[in-house]
$ cat start09.cif   # mmCIF, N, CA and C atoms
data_run
#
loop_
_atom_site.label_atom_id
_atom_site.label_comp_id
_atom_site.auth_asym_id
_atom_site.auth_seq_id
_atom_site.Cartn_x
_atom_site.Cartn_y
_atom_site.Cartn_z
N MET R 238 0.83 -1.19 0.00
CA MET R 238 0.00 0.00 0.00
C MET R 238 0.87 1.25 0.00
N SER R 239 0.35 2.27 -0.58
CA SER R 239 1.12 3.51 -0.63
C SER R 239 0.99 4.25 0.70
N SER R 240 1.85 5.23 0.88
CA SER R 240 1.83 6.00 2.12
C SER R 240 0.55 6.83 2.25
N THR R 241 -0.13 7.10 1.12
CA THR R 241 -1.40 7.84 1.20
C THR R 241 -2.48 7.02 1.90
N ASP R 242 -2.29 5.75 2.00
CA ASP R 242 -3.25 4.88 2.69
C ASP R 242 -2.99 4.83 4.20
N LEU R 243 -1.96 5.50 4.65
CA LEU R 243 -1.57 5.42 6.06
C LEU R 243 -2.70 5.81 7.01
N PRO R 244 -3.41 6.92 6.83
CA PRO R 244 -4.50 7.25 7.76
C PRO R 244 -5.59 6.17 7.81
N THR R 245 -5.93 5.61 6.67
CA THR R 245 -6.94 4.55 6.63
C THR R 245 -6.44 3.30 7.35
N ARG R 246 -5.19 2.95 7.11
CA ARG R 246 -4.62 1.77 7.76
C ARG R 246 -4.53 1.97 9.27
N LEU R 247 -4.17 3.18 9.70
CA LEU R 247 -4.10 3.45 11.14
C LEU R 247 -5.49 3.37 11.77
N ALA R 248 -6.50 3.89 11.09
CA ALA R 248 -7.86 3.82 11.62
C ALA R 248 -8.32 2.36 11.73
N ARG R 249 -8.02 1.57 10.73
CA ARG R 249 -8.37 0.14 10.76
C ARG R 249 -7.62 -0.57 11.88
N ALA R 250 -6.34 -0.27 12.02
CA ALA R 250 -5.54 -0.89 13.07
C ALA R 250 -6.05 -0.50 14.45
N ARG R 251 -6.44 0.76 14.62
CA ARG R 251 -6.97 1.19 15.91
C ARG R 251 -8.23 0.41 16.25
N PHE R 252 -9.13 0.28 15.30
CA PHE R 252 -10.36 -0.47 15.55
C PHE R 252 -10.04 -1.91 15.93
N ARG R 253 -9.17 -2.55 15.18
CA ARG R 253 -8.81 -3.94 15.46
C ARG R 253 -8.11 -4.08 16.80
N ALA R 254 -7.31 -3.09 17.17
CA ALA R 254 -6.59 -3.13 18.45
C ALA R 254 -7.54 -3.04 19.63
N TRP R 255 -8.60 -2.27 19.49
CA TRP R 255 -9.53 -2.05 20.59
C TRP R 255 -10.74 -2.98 20.58
N HIS R 256 -10.83 -3.87 19.60
CA HIS R 256 -11.95 -4.81 19.50
C HIS R 256 -11.43 -6.22 19.34
N ARG R 257 -10.72 -6.69 20.36
CA ARG R 257 -10.07 -7.99 20.30
C ARG R 257 -10.98 -9.13 20.76
N GLY R 258 -11.91 -8.83 21.64
CA GLY R 258 -12.80 -9.88 22.12
C GLY R 258 -12.78 -10.04 23.62
N THR R 259 -11.70 -9.58 24.25
CA THR R 259 -11.65 -9.58 25.71
C THR R 259 -11.17 -8.21 26.16
N ARG R 260 -11.64 -7.81 27.31
CA ARG R 260 -11.26 -6.50 27.83
C ARG R 260 -9.76 -6.41 28.06
N GLU R 261 -9.17 -7.50 28.57
CA GLU R 261 -7.73 -7.49 28.85
C GLU R 261 -6.92 -7.26 27.57
N ALA R 262 -7.28 -7.97 26.50
CA ALA R 262 -6.56 -7.81 25.24
C ALA R 262 -6.82 -6.42 24.64
N ASP R 263 -8.05 -5.94 24.78
CA ASP R 263 -8.36 -4.59 24.29
C ASP R 263 -7.45 -3.56 24.95
N TYR R 264 -7.35 -3.63 26.27
CA TYR R 264 -6.53 -2.64 26.99
C TYR R 264 -5.05 -2.79 26.66
N MET R 265 -4.58 -4.02 26.54
CA MET R 265 -3.17 -4.22 26.27
C MET R 265 -2.81 -3.78 24.85
N ILE R 266 -3.50 -4.31 23.88
CA ILE R 266 -3.16 -4.04 22.48
C ILE R 266 -3.64 -2.65 22.05
N GLY R 267 -4.84 -2.30 22.46
CA GLY R 267 -5.35 -0.97 22.16
C GLY R 267 -4.57 0.12 22.86
N GLY R 268 -4.21 -0.13 24.11
CA GLY R 268 -3.41 0.83 24.86
C GLY R 268 -2.04 1.03 24.25
N PHE R 269 -1.44 -0.06 23.78
CA PHE R 269 -0.16 0.04 23.09
C PHE R 269 -0.31 0.88 21.82
N PHE R 270 -1.36 0.61 21.05
CA PHE R 270 -1.60 1.39 19.83
C PHE R 270 -1.73 2.88 20.17
N ASP R 271 -2.58 3.20 21.14
CA ASP R 271 -2.81 4.60 21.49
C ASP R 271 -1.53 5.30 21.91
N ARG R 272 -0.68 4.60 22.63
CA ARG R 272 0.55 5.20 23.15
C ARG R 272 1.58 5.46 22.06
N TYR R 273 1.68 4.58 21.06
CA TYR R 273 2.81 4.64 20.13
C TYR R 273 2.48 4.93 18.67
N HIS R 274 1.25 4.80 18.22
CA HIS R 274 0.97 4.85 16.78
C HIS R 274 1.35 6.16 16.11
N ALA R 275 1.29 7.26 16.82
CA ALA R 275 1.56 8.57 16.21
C ALA R 275 2.98 8.67 15.65
N ALA R 276 3.89 7.91 16.18
CA ALA R 276 5.29 7.98 15.73
C ALA R 276 5.64 6.89 14.73
N TRP R 277 4.69 6.03 14.36
CA TRP R 277 4.99 4.90 13.48
C TRP R 277 5.16 5.32 12.03
N ASP R 278 6.12 4.67 11.39
CA ASP R 278 6.24 4.78 9.94
C ASP R 278 5.55 3.56 9.34
N THR R 279 5.62 3.41 8.04
CA THR R 279 4.93 2.31 7.36
C THR R 279 5.43 0.95 7.84
N GLU R 280 6.73 0.82 8.05
CA GLU R 280 7.30 -0.46 8.49
C GLU R 280 6.79 -0.84 9.89
N GLU R 281 6.72 0.13 10.76
CA GLU R 281 6.23 -0.15 12.12
C GLU R 281 4.74 -0.48 12.12
N LEU R 282 3.99 0.18 11.25
CA LEU R 282 2.57 -0.15 11.12
C LEU R 282 2.40 -1.56 10.56
N GLU R 283 3.22 -1.93 9.60
CA GLU R 283 3.16 -3.29 9.06
C GLU R 283 3.43 -4.33 10.15
N TRP R 284 4.38 -4.05 11.04
CA TRP R 284 4.66 -4.93 12.17
C TRP R 284 3.42 -5.08 13.04
N PHE R 285 2.78 -3.95 13.35
CA PHE R 285 1.60 -3.98 14.21
C PHE R 285 0.44 -4.71 13.52
N GLU R 286 0.26 -4.48 12.24
CA GLU R 286 -0.80 -5.17 11.51
C GLU R 286 -0.58 -6.68 11.54
N ALA R 287 0.65 -7.11 11.41
CA ALA R 287 0.96 -8.54 11.51
C ALA R 287 0.68 -9.05 12.92
N LEU R 288 1.00 -8.25 13.92
CA LEU R 288 0.74 -8.62 15.31
C LEU R 288 -0.76 -8.81 15.54
N LEU R 289 -1.56 -7.97 14.92
CA LEU R 289 -3.01 -8.07 15.07
C LEU R 289 -3.57 -9.37 14.51
N ASP R 290 -2.84 -10.00 13.62
CA ASP R 290 -3.28 -11.28 13.05
C ASP R 290 -2.98 -12.46 13.97
N GLU R 291 -2.22 -12.23 15.01
CA GLU R 291 -1.85 -13.30 15.95
C GLU R 291 -2.94 -13.48 17.01
N ASP R 292 -2.93 -14.63 17.67
CA ASP R 292 -3.87 -14.89 18.75
C ASP R 292 -3.57 -13.99 19.95
N ASP R 293 -4.61 -13.48 20.55
CA ASP R 293 -4.45 -12.58 21.69
C ASP R 293 -3.65 -13.20 22.83
N VAL R 294 -3.89 -14.47 23.11
CA VAL R 294 -3.18 -15.10 24.23
C VAL R 294 -1.68 -15.12 23.96
N ASP R 295 -1.28 -15.29 22.71
CA ASP R 295 0.14 -15.27 22.38
C ASP R 295 0.71 -13.86 22.51
N VAL R 296 0.01 -12.87 21.95
CA VAL R 296 0.49 -11.48 22.02
C VAL R 296 0.62 -11.06 23.48
N MET R 297 -0.37 -11.38 24.29
CA MET R 297 -0.34 -11.00 25.70
C MET R 297 0.81 -11.70 26.42
N ALA R 298 1.04 -12.96 26.11
CA ALA R 298 2.15 -13.69 26.73
C ALA R 298 3.49 -13.10 26.33
N TRP R 299 3.64 -12.68 25.08
CA TRP R 299 4.89 -12.04 24.64
C TRP R 299 5.07 -10.72 25.37
N ALA R 300 3.99 -9.95 25.49
CA ALA R 300 4.07 -8.64 26.14
C ALA R 300 4.38 -8.78 27.63
N LEU R 301 3.87 -9.82 28.24
CA LEU R 301 4.11 -10.03 29.67
C LEU R 301 5.39 -10.80 29.95
N GLY R 302 6.01 -11.32 28.90
CA GLY R 302 7.27 -12.05 29.05
C GLY R 302 7.11 -13.48 29.52
N THR R 303 5.90 -14.05 29.39
CA THR R 303 5.69 -15.43 29.83
C THR R 303 5.93 -16.44 28.71
N LEU R 304 6.05 -15.98 27.49
CA LEU R 304 6.44 -16.80 26.35
C LEU R 304 7.52 -16.06 25.57
N PRO R 305 8.45 -16.79 24.97
CA PRO R 305 9.46 -16.11 24.15
C PRO R 305 8.82 -15.49 22.92
N VAL R 306 9.35 -14.35 22.52
CA VAL R 306 8.84 -13.62 21.35
C VAL R 306 9.42 -14.26 20.09
N PRO R 307 8.58 -14.60 19.12
CA PRO R 307 9.09 -15.13 17.85
C PRO R 307 10.00 -14.11 17.16
N ALA R 308 10.95 -14.59 16.42
CA ALA R 308 11.93 -13.72 15.76
C ALA R 308 11.26 -12.66 14.90
N ARG R 309 10.17 -13.00 14.25
CA ARG R 309 9.52 -12.03 13.35
C ARG R 309 8.91 -10.84 14.09
N PHE R 310 8.71 -10.98 15.40
CA PHE R 310 8.17 -9.87 16.20
C PHE R 310 9.19 -9.27 17.16
N ALA R 311 10.36 -9.85 17.25
CA ALA R 311 11.39 -9.33 18.16
C ALA R 311 11.87 -7.97 17.67
N GLY R 312 12.21 -7.11 18.63
CA GLY R 312 12.74 -5.80 18.28
C GLY R 312 12.24 -4.71 19.21
N THR R 313 12.36 -3.48 18.75
CA THR R 313 12.06 -2.34 19.61
C THR R 313 10.58 -2.20 19.93
N GLN R 314 9.70 -2.58 19.00
CA GLN R 314 8.27 -2.42 19.26
C GLN R 314 7.77 -3.39 20.34
N ILE R 315 8.19 -4.63 20.27
CA ILE R 315 7.76 -5.57 21.30
C ILE R 315 8.40 -5.20 22.63
N ALA R 316 9.62 -4.68 22.59
CA ALA R 316 10.27 -4.23 23.82
C ALA R 316 9.48 -3.08 24.44
N ALA R 317 8.97 -2.17 23.62
CA ALA R 317 8.13 -1.08 24.13
C ALA R 317 6.84 -1.62 24.70
N MET R 318 6.27 -2.63 24.05
CA MET R 318 5.04 -3.24 24.55
C MET R 318 5.29 -3.90 25.90
N GLN R 319 6.45 -4.49 26.07
CA GLN R 319 6.77 -5.16 27.33
C GLN R 319 7.01 -4.17 28.47
N LYS R 320 7.38 -2.95 28.15
CA LYS R 320 7.66 -1.94 29.18
C LYS R 320 6.45 -1.09 29.53
N LEU R 321 5.41 -1.13 28.71
CA LEU R 321 4.25 -0.27 28.92
C LEU R 321 3.54 -0.65 30.22
N ASP R 322 3.17 0.34 31.00
CA ASP R 322 2.46 0.13 32.27
C ASP R 322 0.97 0.03 31.98
N TYR R 323 0.47 -1.18 31.92
CA TYR R 323 -0.92 -1.40 31.55
C TYR R 323 -1.88 -1.05 32.66
N VAL R 324 -1.41 -0.95 33.87
CA VAL R 324 -2.26 -0.57 34.99
C VAL R 324 -2.69 0.89 34.85
N SER R 325 -1.78 1.75 34.41
CA SER R 325 -2.11 3.17 34.29
C SER R 325 -2.95 3.49 33.06
N ILE R 326 -3.05 2.56 32.13
CA ILE R 326 -3.87 2.79 30.94
C ILE R 326 -5.29 2.61 31.37
#

$ encode --input "start09.cif" --output "structure tokens"
Amino acid sequence: MSSTDLPTRLARARFRAWHRGTREADYMIGGFFDRYHAAWDTEELEWFEALLDEDDVDVMAWALGTLPVPARFAGTQIAAMQKLDYVSI
């Protein structure tokens, strides 16, 4: 997709992040989106879109550090997700 699609993709990602199916996943994934999306470039948005395709229990386990993060998701974004204070969100 071209960069002109970025606002549409961000809106879609926001909706998907906040409508996961459980309140816990909504707060974790949606809260992460709200905190960081404004600074994302296309590559970082692509990472997040791929993350949204994963099962919530896996994403939450990676964020909480109870399961190892797969190589395709390892990096600065998952590290930021692991450091986010979900209680204050």

$ resolve_selection --input "start09.cif" --expression "the PyMOL selection byres ((chain R and resi 278-295) around 8)" --output "PyMOL selection string"
chain R and resi 239-240+243+246-247+250+253-254+257+262+274-277+296-301+304+309-310+314

$ atom_distance --input "start09.cif" --atom1 "atom CA of Arg249 of chain R" --atom2 "atom CA of Ala308 of chain R"
25.1 Å

$ atom_distance --input "start09.cif" --atom1 "atom C of Ala248 of chain R" --atom2 "atom CA of Met265 of chain R"
16.8 Å

$ axis_aligned_box --input "start09.cif" --around "segment 247-254 of chain R" --padding-each-side "6 Å" --output "AutoDock Vina command-line options"
--center_x -7.2 --center_y -0.1 --center_z 14.7 --size_x 18.3 --size_y 20.0 --size_z 21.9
